[in-house]
Amino acid sequence: MDLRRLNQPRAIVTNLGLAVVISAAVYSSLRTLELSNLSIVESANVPLYEKRFEGLRKLLPQHGVIGYTSDEPNPAGYYLANYTLSPILLKQSDGPRIFIVNRTRDAVTSNAADAGGYTVRRTPDATLYDFGGGLMLVERDSQ
Amino acid sequence: MLLAPVSFIFPLLAGWMVVSVLFRVQARSSSLILLALIPGLGLGVFSCLIFILLLALGPSQSALVVIEITLGSAVVLYQVRRKRTLQPTQSHAPIALNAEPRIIQILTLCFYLVAASSMIAFLILLVRRSHGEWDAWSIWNLKARYVFRGGAYWRDAFSSVLGFSHPDYPLLMPLNVAGSWILTGKETIASSAAICFLFAASTTALLVCSLRTLRSNAQGYLAGLLLLGSSLFIIEGPWQYADVPAGFFYLAAAVSLALYDATRQSDRRLFALAGLLASLAAWTKNEGMLFFLALVVSRLVLGFSGQPVRTRIQKMMQFLAGSVPVVIVYVLFKALVAGAPNDILSAEPRVDRIFSLSRYIQVARAFGSELWGFGGWSVSILVLLVICLAALGVAVDPETRPTIYTLLGTLCIVFVGLFSIFIITPYDLAWHLDSTLHRLLLQVWPTFLFTFFLIVRPPEETLAAATQQNPKLPNPDQDRQQWAH
């Protein structure tokens, strides 16, 4: 087989080859446009998170490390809580004196957190700020 | 949101300045390459400036404004003086569209249609995912927020508490976002969205314009169609990840290298520019460092055929000189700021992983499957590339041969490097391959297309040869002669 002839395609082969590539690109591009218009499920609804933590944010110190506990099975909620509450650093533990409790199971049954208000409760060794919807801020008494 | 465009004035001026010094162009077609390089290079310079500002004074708005006004004025003055001394350029005679074969006209038209459609899809996705996807809010924009909101405590962004956000990751993306917020004093998601758009648009423009200059118009449009037709490029861009920006710097370094090789009296400044752009890839993502090292090794071994080792090393010094400023910033970051060593490289060495045949098979299968289905095409991209090759043939310009050898060597080293990373990864292998491999391939995709179309014969030439006519090509030699002055 003469390889040089393979490297000199006939005009019809070139035209056909280019037509196939152009068609594939146009089709793919139009499909992408169509996909972009569909409501694709995002990995997380960031604005919803920002709204949920809006009221709690006002009670937090300017900077430093506080704790964070949650019932969420995947880490997205923890990452988003950091993203939303930065520059506060959230440590996944209830060890720090101040920590957040984020029970997302309760979020669907109540929308109290959306309002940004909270109720204050006392326990023997801590003050509990309940924002509703499973979101709480716990401040242990200084020892 | 309205202030966001103001924050990009300085990066664009900085990019204009650096490109003008290192890339003196007179031909009209290569002016477009210069324009495509400006945003990315400017954002690279801007992020380095922000890093130095943070180290010296913290996120000070007033200091940044003073620095930007001073440097910006210097850039404008330099450009005005330079414009006065430049001779008017000789422009090409426009190519008569009617003289082109019909298929080339269709190709050109389809490229612009696909470009318009891609831009609309990109913007829709940007608006819909205004905060980006997972890595955007867990790594890149997260760091930007800690730097901007933290004030004097900006180093909290690299705290071990945020270990999940990879405190060792380079800072080009987060510092551009944070820098624009520091400058305007306001946090807006428009900044990160605009940066992503600039990088995606610049990558496309650079690929098309460079191939139009080095090969032919149709070659540029064909490569552009294959880039924009890859839905992954359009969909991942608005996620605000760093893969498209890293891909831009890989491509920009490759293009600078090709222009350097293509000039008869190789312009050292282009080689230095290639070094600068490759180092900015390392400042964008850790994989960029792999690309940078691969490019250096590949150039040394394959890019100077027939020359003694000493001459090769001497020539590489120009490349390395261009990379020095960013390498210094990179080393400062790793030594003074990065909160933790790299998670994969610092993991406990497990010899059993290296000798596990099943891991090699699993990674090889994943590479094969990802390459076959890459880009979300309805036909495999590999089939389309073979069709291009069969329809056009192979024709390599002797001047760009060193570039082609260098880039093929670089891509091989990068692939071997990525393969090895997966072999030793401490994470669950299936999860790691599934979540990252397509993005790693996306980084090298524009550079691969550039290399591929340096090898494939331009459509105009193939059609002219087939019909025994003289092709009405823009004369690449004329362009090359006009680059250096």
# chains A, B, ... in the order shown; residues from 1 in each chain; ligands from 1
call {"tool": "interface_residues", "arguments": {"of": "chain A", "to": "chain B", "cutoff": "9 Å", "atoms": "only C-alpha atoms", "output": "ChimeraX atom specification"}}
result
/A:6-37,39,42-47,62-65,76,79-80,82-84,86-92
call {"tool": "closest_atom_pairs", "arguments": {"of": "stretch 400-431 of chain B", "to": "stretch 347-361 of chain B", "cutoff": "12 Å", "atoms": "only C-alpha atoms", "output": "JSON lines"}}
result
{"residue": "B:Val416", "atom": "CA", "partner": "B:Tyr360", "partner_atom": "CA", "distance": 11.8}
{"residue": "B:Phe419", "atom": "CA", "partner": "B:Tyr360", "partner_atom": "CA", "distance": 8.5}
{"residue": "B:Ser420", "atom": "CA", "partner": "B:Ile354", "partner_atom": "CA", "distance": 8.7}
{"residue": "B:Ile421", "atom": "CA", "partner": "B:Ile354", "partner_atom": "CA", "distance": 10.4}
{"residue": "B:Phe422", "atom": "CA", "partner": "B:Arg359", "partner_atom": "CA", "distance": 8.5}
{"residue": "B:Ile423", "atom": "CA", "partner": "B:Arg359", "partner_atom": "CA", "distance": 6.3}
{"residue": "B:Ile424", "atom": "CA", "partner": "B:Arg353", "partner_atom": "CA", "distance": 6.0}
{"residue": "B:Thr425", "atom": "CA", "partner": "B:Ala347", "partner_atom": "CA", "distance": 8.1}
{"residue": "B:Pro426", "atom": "CA", "partner": "B:Ala347", "partner_atom": "CA", "distance": 6.4}
{"residue": "B:Tyr427", "atom": "CA", "partner": "B:Ala347", "partner_atom": "CA", "distance": 9.7}
{"residue": "B:Asp428", "atom": "CA", "partner": "B:Arg359", "partner_atom": "CA", "distance": 10.9}
{"residue": "B:Leu429", "atom": "CA", "partner": "B:Arg359", "partner_atom": "CA", "distance": 8.0}
{"residue": "B:Ala430", "atom": "CA", "partner": "B:Arg359", "partner_atom": "CA", "distance": 9.7}
call {"tool": "write_last_selection", "arguments": {"atoms": "C-alpha atoms", "output": "mmCIF file, in the first residue's frame"}}
result
data_model
loop_
_atom_site.group_PDB
_atom_site.id
_atom_site.type_symbol
_atom_site.label_atom_id
_atom_site.label_comp_id
_atom_site.auth_asym_id
_atom_site.auth_seq_id
_atom_site.Cartn_x
_atom_site.Cartn_y
_atom_site.Cartn_z
ATOM 1 C CA VAL B 416 2.339 9.308 32.385
ATOM 2 C CA PHE B 419 -1.506 7.917 35.335
ATOM 3 C CA SER B 420 1.097 7.553 38.111
ATOM 4 C CA ILE B 421 -0.839 9.897 40.399
ATOM 5 C CA PHE B 422 -3.880 7.660 40.089
ATOM 6 C CA ILE B 423 -1.775 4.591 40.857
ATOM 7 C CA ILE B 424 -0.523 6.064 44.148
ATOM 8 C CA THR B 425 -3.615 8.036 45.138
ATOM 9 C CA PRO B 426 -4.646 7.472 48.769
ATOM 10 C CA TYR B 427 -8.305 8.048 47.844
ATOM 11 C CA ASP B 428 -10.760 5.449 46.642
ATOM 12 C CA LEU B 429 -9.504 4.872 43.112
ATOM 13 C CA ALA B 430 -12.878 4.548 41.399
#
call {"tool": "select_by_dssp", "arguments": {"residues": "stretch 194-340 of chain B", "states": "helix (DSSP H, G or I)", "output": "NGL selection string"}}
result
:B and (194-214 or 217-228 or 231-239 or 243-262 or 268-282 or 286-302 or 309-337)
